[in-house]
Amino acid sequence: MAAARPQSDPTKLPRAIRQFFALLILLLLLAALWETLKWISGDPWRPDANPFGLDHNPPYRFKIASDLNLPHLWDIFAAFGKESRRNGPPLISVLFSASLFTFREAIMGFIFGGVLGFILALIFQRYALLDRGCMPYVVASQTIPILAIAPMVIIWLKAGWVSVAVIAAYLTFFPVTINTLRGLRSPEPTAVELMASYAATRRDIMWKLRLPAALPYIFTALKISATASVVGAIIGELPSGIRDGLGGAILNFNSYYITSPSRLWAAIIASALVGILFFGLVTLAERLVLRDRQAPDPV
Amino acid sequence: MEAVPVVSFDNVDKIFNRGGADETVALKSINLDIRPSEFISIIGPSGCGKSTLLRLVGDLIAPSAGTVTVNGKEAHQARLDHDYGMVFQQPVLFDWRTIQRNVELPLEVYGFDKAERQQRARELLQMVELGGFENHRPWQLSGGMQQRVSIARALATAPKLLLMDEPFGALDEMTRERMNMELHAIWRQTDTTVIFVTHSISEAVFLSNRVIVMSARPGRIMQIVDIDLPIPRGEHTRQDPALFEAERAVREWLRKAEAFSA
Ligand SMILES: Nc1ncnc2c1ncn2[C@@H]1O[C@H](COP(=O)(O)OP(=O)(O)OP(=O)(O)O)[C@@H](O)[C@H]1O
Ligand SMILES: [Mg+2]
């Protein structure tokens, strides 16, 4: 009697926990490094301004470690709780709604870019001639800086979430095209021969061989696109004059940097969290879809 | 009048990368008729064009000269008509499918309904001694087990012409003998024609009506050895002096083929 379907690897759950702790330790180390730098070369630590009540005068003064350039971590976290402007709502609620707003734009850009990138890959896979003819232009399109494209897109499409999503899509379609194309071409020649021996139609070869083989490649691309779409959305907001998202918040807090640098840092942290969240969601989807594949992608 | 050959090679050449620096004459002047219900083995040194010959029958590559006819039609038409089943030298299983669904693959493409597909796949997995592994994934199986899955997959459509490229190469001696018996039984019970590539002289002789000995560079048919052992074959065949005689003859020709190639 053969063995039943093997149980899922018992080391799997601990692995997720281990990864979490690894991340936590990494973050703590970074925080320690940050504050050590300030301890050695920052502005003086006043006992009433830090949670440990320390009174300390750093031996050196480096500009990058000043309170203006590198605020204390507790000041940054405290900024989340303080009001965002005089008599305004607390910063955390402002950043939360801004994050939500930007996240929505990023998702739209992710979808636009993903669909466009995927369709381009299908076309290039089908027509090798087009691939050779057009791919250089697709690659060239990626060398044009997004900041040059963004104002044009806004003029064409009017400032709004659509133009922001299109700008985000511009950053996300390329990795999807490249990786999907690679995935569609990944089956070994004998696998294509096997399908040919069944006189399988092009469609069957696509659905039963090329697409399933391409899935791991596509997910790799989507993970790149997820974070790129957040960057794209933030950048897209700047020339659009949209003030409800993280781009607007960054622009706004940027102009008050001299008086309160922690707020900009808080906005940066919020942006990073949105990117990480999106990346995490795609990774989760990947784990679910590819759970039965051999070597799970370590990323 | 003779029956129409199942497979017919008429002056076939196969040259890879013709005109290029790495031009390879894989097959040269192949003439061969394979009769209906025949079990024919192909044996020869590595690189002599055995796989190439099977690929030509399957219309997976086109001849450089000459014609390949299958069931009286062009090989291309025969492929479109689902006239054959093929076991490749590598298992070629799809990682994203369970073993069961890998065996169902050709049936899906042919448009069998689900119940029939599942039923057939299960039966065939039993037959290749892989009952219980239906829900495993290919990468959870050993090389020999994977090759048996690919045999089950080729048999699933009950092809009238079976092209097998070293199907038992990765098996241990005992499993191989059992598989040989299974294949022999299938061949006897159905009127399947089998073209069987192998490196094993004893396997070739045990199973075949004829053994084709090939030489390399360029690949040619050196000799066709008739095996006049009574059918059905079984344990008694392994004691038959005629078996040793046939093996000796094939070995002799193989030796000549290797000398010829070197
Ligand atoms: N797709 C290809 N492109 C170029 N050359 C090829 C190709 N396929 C086979 N050949 C060449 O044709 C010759 C015959 O190859 P083939 O695979 O038919 O050998 P074989 O008899 O099956 O060998 P083995 O016993 O090792 O499987 C070899 O010299 C090989 O290099
Ligand atoms: Mg071969």
# chains A, B, ... in the order shown; residues from 1 in each chain; ligands from 1
$ interface_residues --of "chain B" --to "chain A" --cutoff "10 Å" --atoms "only C-alpha atoms" --output "PyMOL selection string"
chain B and resi 55+58-61+76-98+105-110+129-140+157
$ write_last_selection --atoms "C-alpha atoms" --output "PDB file, in the first residue's frame"
ATOM      1  CA  ARG B  55      10.204  11.830 -33.461  1.00  0.00           C
ATOM      2  CA  GLY B  58       5.389  11.185 -34.452  1.00  0.00           C
ATOM      3  CA  ASP B  59       5.749  14.180 -36.794  1.00  0.00           C
ATOM      4  CA  LEU B  60       7.453  16.120 -34.026  1.00  0.00           C
ATOM      5  CA  ILE B  61      10.239  16.887 -36.496  1.00  0.00           C
ATOM      6  CA  HIS B  76       1.526  14.905 -40.116  1.00  0.00           C
ATOM      7  CA  GLN B  77      -2.019  13.772 -40.817  1.00  0.00           C
ATOM      8  CA  ALA B  78      -1.552  10.737 -38.575  1.00  0.00           C
ATOM      9  CA  ARG B  79      -0.566  13.012 -35.711  1.00  0.00           C
ATOM     10  CA  LEU B  80      -3.647  15.156 -36.207  1.00  0.00           C
ATOM     11  CA  ASP B  81      -5.730  11.958 -36.272  1.00  0.00           C
ATOM     12  CA  HIS B  82      -4.347  10.882 -32.876  1.00  0.00           C
ATOM     13  CA  ASP B  83      -2.905   7.752 -34.468  1.00  0.00           C
ATOM     14  CA  TYR B  84      -0.168   7.167 -31.926  1.00  0.00           C
ATOM     15  CA  GLY B  85       0.865   7.509 -28.296  1.00  0.00           C
ATOM     16  CA  MET B  86       4.393   8.363 -27.277  1.00  0.00           C
ATOM     17  CA  VAL B  87       6.557   7.724 -24.234  1.00  0.00           C
ATOM     18  CA  PHE B  88       9.457  10.177 -24.263  1.00  0.00           C
ATOM     19  CA  GLN B  89      12.944   9.466 -23.040  1.00  0.00           C
ATOM     20  CA  GLN B  90      12.275  11.863 -20.128  1.00  0.00           C
ATOM     21  CA  PRO B  91       9.040  11.526 -18.143  1.00  0.00           C
ATOM     22  CA  VAL B  92       7.862  15.099 -18.995  1.00  0.00           C
ATOM     23  CA  LEU B  93       5.314  15.368 -16.196  1.00  0.00           C
ATOM     24  CA  PHE B  94       3.636  18.646 -15.276  1.00  0.00           C
ATOM     25  CA  ASP B  95       4.537  19.787 -11.761  1.00  0.00           C
ATOM     26  CA  TRP B  96       1.247  21.617 -11.268  1.00  0.00           C
ATOM     27  CA  ARG B  97      -0.803  18.479 -11.827  1.00  0.00           C
ATOM     28  CA  THR B  98      -1.249  15.516  -9.547  1.00  0.00           C
ATOM     29  CA  LEU B 105      -3.877  15.001 -19.713  1.00  0.00           C
ATOM     30  CA  PRO B 106      -4.168  13.353 -23.160  1.00  0.00           C
ATOM     31  CA  LEU B 107      -7.744  12.335 -22.405  1.00  0.00           C
ATOM     32  CA  GLU B 108      -8.550  15.967 -21.583  1.00  0.00           C
ATOM     33  CA  VAL B 109      -7.052  17.128 -24.848  1.00  0.00           C
ATOM     34  CA  TYR B 110      -8.925  14.409 -26.735  1.00  0.00           C
ATOM     35  CA  GLU B 129       1.985  -0.345  -9.818  1.00  0.00           C
ATOM     36  CA  LEU B 130       1.341   3.217  -8.712  1.00  0.00           C
ATOM     37  CA  GLY B 131      -2.075   2.756  -7.122  1.00  0.00           C
ATOM     38  CA  GLY B 132      -2.221   5.047  -4.081  1.00  0.00           C
ATOM     39  CA  PHE B 133      -0.060   7.732  -5.651  1.00  0.00           C
ATOM     40  CA  GLU B 134      -2.925   9.424  -7.496  1.00  0.00           C
ATOM     41  CA  ASN B 135      -2.735  12.601  -5.448  1.00  0.00           C
ATOM     42  CA  HIS B 136       1.019  12.855  -5.238  1.00  0.00           C
ATOM     43  CA  ARG B 137       2.949  15.395  -7.244  1.00  0.00           C
ATOM     44  CA  PRO B 138       5.542  14.358  -9.848  1.00  0.00           C
ATOM     45  CA  TRP B 139       8.451  15.711  -7.820  1.00  0.00           C
ATOM     46  CA  GLN B 140       7.503  13.471  -4.931  1.00  0.00           C
ATOM     47  CA  THR B 157      -5.700   6.813 -24.971  1.00  0.00           C
TER      48      THR B 157
END
$ residues_near_ligand --ligand "ligand 1" --cutoff "10 Å" --atoms "only C-alpha atoms and all ligand atoms" --output "PDB file with C-alpha atoms, in the first residue's frame"
ATOM      1  CA  PRO A 189      10.866  21.623 -25.706  1.00  0.00           C
TER       2      PRO A 189
ATOM      3  CA  LYS B  14      17.483  13.749 -41.095  1.00  0.00           C
ATOM      4  CA  ILE B  15      20.100  16.472 -40.931  1.00  0.00           C
ATOM      5  CA  PHE B  16      20.111  18.924 -38.027  1.00  0.00           C
ATOM      6  CA  ASN B  17      21.391  22.485 -38.540  1.00  0.00           C
ATOM      7  CA  ARG B  18      21.946  21.887 -42.212  1.00  0.00           C
ATOM      8  CA  ASP B  22      27.298  22.122 -36.145  1.00  0.00           C
ATOM      9  CA  GLU B  23      25.563  20.228 -38.955  1.00  0.00           C
ATOM     10  CA  THR B  24      24.651  16.726 -37.772  1.00  0.00           C
ATOM     11  CA  VAL B  25      23.547  13.955 -40.053  1.00  0.00           C
ATOM     12  CA  ALA B  26      21.366  12.121 -37.542  1.00  0.00           C
ATOM     13  CA  LEU B  27      19.818   9.632 -39.960  1.00  0.00           C
ATOM     14  CA  ILE B  42      15.486  -0.326 -31.930  1.00  0.00           C
ATOM     15  CA  ILE B  43      18.896  -0.706 -30.375  1.00  0.00           C
ATOM     16  CA  GLY B  44      22.134   1.090 -31.102  1.00  0.00           C
ATOM     17  CA  PRO B  45      24.917   3.210 -29.653  1.00  0.00           C
ATOM     18  CA  SER B  46      24.058   6.475 -27.951  1.00  0.00           C
ATOM     19  CA  GLY B  47      23.481   9.278 -30.432  1.00  0.00           C
ATOM     20  CA  CYS B  48      22.752   7.007 -33.391  1.00  0.00           C
ATOM     21  CA  GLY B  49      19.366   8.604 -33.987  1.00  0.00           C
ATOM     22  CA  LYS B  50      16.879   6.328 -32.195  1.00  0.00           C
ATOM     23  CA  SER B  51      14.966   9.182 -30.593  1.00  0.00           C
ATOM     24  CA  THR B  52      15.143  11.091 -33.855  1.00  0.00           C
ATOM     25  CA  LEU B  53      13.574   8.148 -35.635  1.00  0.00           C
ATOM     26  CA  LEU B  54      10.651   8.071 -33.180  1.00  0.00           C
ATOM     27  CA  ARG B  55      10.204  11.830 -33.461  1.00  0.00           C
ATOM     28  CA  LEU B  56       9.932  11.473 -37.216  1.00  0.00           C
ATOM     29  CA  ILE B  61      10.239  16.887 -36.496  1.00  0.00           C
ATOM     30  CA  GLN B  89      12.944   9.466 -23.040  1.00  0.00           C
ATOM     31  CA  GLN B  90      12.275  11.863 -20.128  1.00  0.00           C
ATOM     32  CA  ASP B 165      11.769   5.781 -26.066  1.00  0.00           C
ATOM     33  CA  GLU B 166      13.690   3.805 -23.428  1.00  0.00           C
ATOM     34  CA  VAL B 197      13.802   1.978 -28.177  1.00  0.00           C
ATOM     35  CA  THR B 198      16.068   0.337 -25.633  1.00  0.00           C
ATOM     36  CA  HIS B 199      19.686  -0.146 -24.650  1.00  0.00           C
ATOM     37  CA  MET B 214      21.549   0.859 -35.767  1.00  0.00           C
ATOM     38  CA  SER B 215      24.986   2.371 -36.232  1.00  0.00           C
ATOM     39  CA  ALA B 216      25.937   5.978 -35.574  1.00  0.00           C
ATOM     40  CA  ARG B 217      27.385   8.919 -37.516  1.00  0.00           C
ATOM     41  CA  PRO B 218      25.435   8.887 -39.645  1.00  0.00           C
ATOM     42  CA  GLY B 219      22.606   6.868 -38.147  1.00  0.00           C
TER      43      GLY B 219
END
$ atom_distance --atom1 "CA of Ile250 (chain A)" --atom2 "CA of Ile269 (chain A)"
10.7 Å
$ residues_around --residues "region 187-193 of chain B" --least-positions-apart "3" --cutoff "10 Å" --atoms "only C-alpha atoms" --output "VMD selection string"
chain B and resid 6 to 7 34 to 40 84 158 to 163 181 to 184 196 207 231 to 233
$ decode --residues "region 173-187 of chain B" --atoms "all heavy atoms" --output "PDB file, in the first residue's frame"
ATOM      1  N   GLU B 173      16.030  -4.046 -12.159  1.00  0.00           N
ATOM      2  CA  GLU B 173      15.886  -5.250 -12.979  1.00  0.00           C
ATOM      3  C   GLU B 173      14.535  -5.954 -12.760  1.00  0.00           C
ATOM      4  O   GLU B 173      13.868  -6.324 -13.718  1.00  0.00           O
ATOM      5  CB  GLU B 173      17.046  -6.201 -12.660  1.00  0.00           C
ATOM      6  CG  GLU B 173      17.279  -7.283 -13.668  1.00  0.00           C
ATOM      7  CD  GLU B 173      17.677  -6.772 -15.053  1.00  0.00           C
ATOM      8  OE1 GLU B 173      18.246  -5.656 -15.131  1.00  0.00           O
ATOM      9  OE2 GLU B 173      17.397  -7.464 -16.038  1.00  0.00           O
ATOM     10  N   MET B 174      14.123  -6.072 -11.504  1.00  0.00           N
ATOM     11  CA  MET B 174      12.893  -6.823 -11.224  1.00  0.00           C
ATOM     12  C   MET B 174      11.658  -6.076 -11.713  1.00  0.00           C
ATOM     13  O   MET B 174      10.791  -6.658 -12.357  1.00  0.00           O
ATOM     14  CB  MET B 174      12.771  -7.110  -9.716  1.00  0.00           C
ATOM     15  CG  MET B 174      13.876  -7.973  -9.139  1.00  0.00           C
ATOM     16  SD  MET B 174      14.326  -9.381 -10.174  1.00  0.00           S
ATOM     17  CE  MET B 174      12.871 -10.411  -9.995  1.00  0.00           C
ATOM     18  N   THR B 175      11.598  -4.794 -11.408  1.00  0.00           N
ATOM     19  CA  THR B 175      10.459  -4.000 -11.875  1.00  0.00           C
ATOM     20  C   THR B 175      10.420  -4.003 -13.394  1.00  0.00           C
ATOM     21  O   THR B 175       9.362  -4.121 -14.004  1.00  0.00           O
ATOM     22  CB  THR B 175      10.567  -2.552 -11.362  1.00  0.00           C
ATOM     23  OG1 THR B 175      10.916  -2.581  -9.989  1.00  0.00           O
ATOM     24  CG2 THR B 175       9.264  -1.818 -11.536  1.00  0.00           C
ATOM     25  N   ARG B 176      11.590  -3.905 -13.960  1.00  0.00           N
ATOM     26  CA  ARG B 176      11.697  -3.894 -15.413  1.00  0.00           C
ATOM     27  C   ARG B 176      11.115  -5.169 -16.007  1.00  0.00           C
ATOM     28  O   ARG B 176      10.349  -5.128 -16.971  1.00  0.00           O
ATOM     29  CB  ARG B 176      13.175  -3.760 -15.775  1.00  0.00           C
ATOM     30  CG  ARG B 176      13.455  -3.583 -17.227  1.00  0.00           C
ATOM     31  CD  ARG B 176      14.956  -3.416 -17.412  1.00  0.00           C
ATOM     32  NE  ARG B 176      15.257  -2.959 -18.736  1.00  0.00           N
ATOM     33  CZ  ARG B 176      16.166  -2.017 -19.021  1.00  0.00           C
ATOM     34  NH1 ARG B 176      16.846  -1.450 -18.062  1.00  0.00           N
ATOM     35  NH2 ARG B 176      16.381  -1.660 -20.252  1.00  0.00           N
ATOM     36  N   GLU B 177      11.445  -6.306 -15.408  1.00  0.00           N
ATOM     37  CA  GLU B 177      10.912  -7.575 -15.930  1.00  0.00           C
ATOM     38  C   GLU B 177       9.403  -7.631 -15.793  1.00  0.00           C
ATOM     39  O   GLU B 177       8.702  -8.071 -16.707  1.00  0.00           O
ATOM     40  CB  GLU B 177      11.572  -8.763 -15.214  1.00  0.00           C
ATOM     41  CG  GLU B 177      12.952  -9.057 -15.783  1.00  0.00           C
ATOM     42  CD  GLU B 177      13.601 -10.294 -15.166  1.00  0.00           C
ATOM     43  OE1 GLU B 177      12.901 -11.062 -14.454  1.00  0.00           O
ATOM     44  OE2 GLU B 177      14.811 -10.488 -15.383  1.00  0.00           O
ATOM     45  N   ARG B 178       8.892  -7.149 -14.646  1.00  0.00           N
ATOM     46  CA  ARG B 178       7.427  -7.132 -14.479  1.00  0.00           C
ATOM     47  C   ARG B 178       6.777  -6.208 -15.507  1.00  0.00           C
ATOM     48  O   ARG B 178       5.773  -6.544 -16.113  1.00  0.00           O
ATOM     49  CB  ARG B 178       7.056  -6.668 -13.061  1.00  0.00           C
ATOM     50  CG  ARG B 178       7.245  -7.723 -11.989  1.00  0.00           C
ATOM     51  CD  ARG B 178       6.368  -7.447 -10.776  1.00  0.00           C
ATOM     52  NE  ARG B 178       6.591  -6.111 -10.218  1.00  0.00           N
ATOM     53  CZ  ARG B 178       7.609  -5.821  -9.389  1.00  0.00           C
ATOM     54  NH1 ARG B 178       8.482  -6.741  -9.036  1.00  0.00           N
ATOM     55  NH2 ARG B 178       7.723  -4.595  -8.921  1.00  0.00           N
ATOM     56  N   MET B 179       7.406  -5.054 -15.720  1.00  0.00           N
ATOM     57  CA  MET B 179       6.860  -4.101 -16.686  1.00  0.00           C
ATOM     58  C   MET B 179       6.904  -4.690 -18.103  1.00  0.00           C
ATOM     59  O   MET B 179       5.990  -4.497 -18.886  1.00  0.00           O
ATOM     60  CB  MET B 179       7.650  -2.785 -16.656  1.00  0.00           C
ATOM     61  CG  MET B 179       7.411  -1.961 -15.407  1.00  0.00           C
ATOM     62  SD  MET B 179       5.730  -1.328 -15.360  1.00  0.00           S
ATOM     63  CE  MET B 179       5.339  -1.581 -13.651  1.00  0.00           C
ATOM     64  N   ASN B 180       7.975  -5.416 -18.386  1.00  0.00           N
ATOM     65  CA  ASN B 180       8.072  -6.074 -19.691  1.00  0.00           C
ATOM     66  C   ASN B 180       6.906  -7.030 -19.887  1.00  0.00           C
ATOM     67  O   ASN B 180       6.296  -7.086 -20.953  1.00  0.00           O
ATOM     68  CB  ASN B 180       9.391  -6.842 -19.792  1.00  0.00           C
ATOM     69  CG  ASN B 180      10.562  -5.930 -20.105  1.00  0.00           C
ATOM     70  OD1 ASN B 180      10.358  -4.795 -20.506  1.00  0.00           O
ATOM     71  ND2 ASN B 180      11.768  -6.413 -19.896  1.00  0.00           N
ATOM     72  N   MET B 181       6.587  -7.788 -18.839  1.00  0.00           N
ATOM     73  CA  MET B 181       5.480  -8.743 -18.928  1.00  0.00           C
ATOM     74  C   MET B 181       4.151  -8.009 -19.137  1.00  0.00           C
ATOM     75  O   MET B 181       3.329  -8.436 -19.944  1.00  0.00           O
ATOM     76  CB  MET B 181       5.405  -9.616 -17.659  1.00  0.00           C
ATOM     77  CG  MET B 181       6.516 -10.652 -17.515  1.00  0.00           C
ATOM     78  SD  MET B 181       6.815 -11.632 -19.016  1.00  0.00           S
ATOM     79  CE  MET B 181       5.199 -12.362 -19.277  1.00  0.00           C
ATOM     80  N   GLU B 182       3.978  -6.921 -18.411  1.00  0.00           N
ATOM     81  CA  GLU B 182       2.745  -6.126 -18.570  1.00  0.00           C
ATOM     82  C   GLU B 182       2.615  -5.637 -20.010  1.00  0.00           C
ATOM     83  O   GLU B 182       1.558  -5.761 -20.628  1.00  0.00           O
ATOM     84  CB  GLU B 182       2.776  -4.882 -17.661  1.00  0.00           C
ATOM     85  CG  GLU B 182       2.317  -5.083 -16.239  1.00  0.00           C
ATOM     86  CD  GLU B 182       0.865  -5.502 -16.103  1.00  0.00           C
ATOM     87  OE1 GLU B 182       0.097  -5.429 -17.102  1.00  0.00           O
ATOM     88  OE2 GLU B 182       0.509  -5.920 -15.000  1.00  0.00           O
ATOM     89  N   LEU B 183       3.717  -5.082 -20.495  1.00  0.00           N
ATOM     90  CA  LEU B 183       3.700  -4.522 -21.848  1.00  0.00           C
ATOM     91  C   LEU B 183       3.420  -5.617 -22.867  1.00  0.00           C
ATOM     92  O   LEU B 183       2.637  -5.435 -23.807  1.00  0.00           O
ATOM     93  CB  LEU B 183       5.044  -3.838 -22.132  1.00  0.00           C
ATOM     94  CG  LEU B 183       5.173  -3.163 -23.492  1.00  0.00           C
ATOM     95  CD1 LEU B 183       4.116  -2.072 -23.640  1.00  0.00           C
ATOM     96  CD2 LEU B 183       6.567  -2.555 -23.664  1.00  0.00           C
ATOM     97  N   HIS B 184       4.049  -6.759 -22.626  1.00  0.00           N
ATOM     98  CA  HIS B 184       3.840  -7.887 -23.531  1.00  0.00           C
ATOM     99  C   HIS B 184       2.372  -8.307 -23.539  1.00  0.00           C
ATOM    100  O   HIS B 184       1.786  -8.556 -24.595  1.00  0.00           O
ATOM    101  CB  HIS B 184       4.728  -9.057 -23.088  1.00  0.00           C
ATOM    102  CG  HIS B 184       4.686 -10.230 -24.014  1.00  0.00           C
ATOM    103  ND1 HIS B 184       5.160 -10.156 -25.304  1.00  0.00           N
ATOM    104  CD2 HIS B 184       4.213 -11.499 -23.845  1.00  0.00           C
ATOM    105  CE1 HIS B 184       4.978 -11.342 -25.900  1.00  0.00           C
ATOM    106  NE2 HIS B 184       4.412 -12.168 -25.024  1.00  0.00           N
ATOM    107  N   ALA B 185       1.769  -8.320 -22.354  1.00  0.00           N
ATOM    108  CA  ALA B 185       0.356  -8.706 -22.241  1.00  0.00           C
ATOM    109  C   ALA B 185      -0.541  -7.695 -22.966  1.00  0.00           C
ATOM    110  O   ALA B 185      -1.446  -8.071 -23.711  1.00  0.00           O
ATOM    111  CB  ALA B 185      -0.041  -8.795 -20.768  1.00  0.00           C
ATOM    112  N   ILE B 186      -0.266  -6.416 -22.752  1.00  0.00           N
ATOM    113  CA  ILE B 186      -1.059  -5.375 -23.424  1.00  0.00           C
ATOM    114  C   ILE B 186      -0.944  -5.533 -24.935  1.00  0.00           C
ATOM    115  O   ILE B 186      -1.926  -5.471 -25.667  1.00  0.00           O
ATOM    116  CB  ILE B 186      -0.573  -3.967 -23.002  1.00  0.00           C
ATOM    117  CG1 ILE B 186      -0.928  -3.704 -21.554  1.00  0.00           C
ATOM    118  CG2 ILE B 186      -1.177  -2.898 -23.902  1.00  0.00           C
ATOM    119  CD1 ILE B 186      -0.257  -2.479 -20.987  1.00  0.00           C
ATOM    120  N   TRP B 187       0.279  -5.752 -25.347  1.00  0.00           N
ATOM    121  CA  TRP B 187       0.521  -5.862 -26.795  1.00  0.00           C
ATOM    122  C   TRP B 187      -0.229  -7.053 -27.393  1.00  0.00           C
ATOM    123  O   TRP B 187      -0.791  -6.969 -28.466  1.00  0.00           O
ATOM    124  CB  TRP B 187       2.036  -5.988 -27.032  1.00  0.00           C
ATOM    125  CG  TRP B 187       2.407  -6.304 -28.434  1.00  0.00           C
ATOM    126  CD1 TRP B 187       2.245  -5.495 -29.524  1.00  0.00           C
ATOM    127  CD2 TRP B 187       2.963  -7.524 -28.919  1.00  0.00           C
ATOM    128  NE1 TRP B 187       2.683  -6.135 -30.650  1.00  0.00           N
ATOM    129  CE2 TRP B 187       3.143  -7.386 -30.309  1.00  0.00           C
ATOM    130  CE3 TRP B 187       3.354  -8.719 -28.297  1.00  0.00           C
ATOM    131  CZ2 TRP B 187       3.674  -8.396 -31.104  1.00  0.00           C
ATOM    132  CZ3 TRP B 187       3.901  -9.722 -29.082  1.00  0.00           C
ATOM    133  CH2 TRP B 187       4.053  -9.552 -30.485  1.00  0.00           C
TER     134      TRP B 187
END
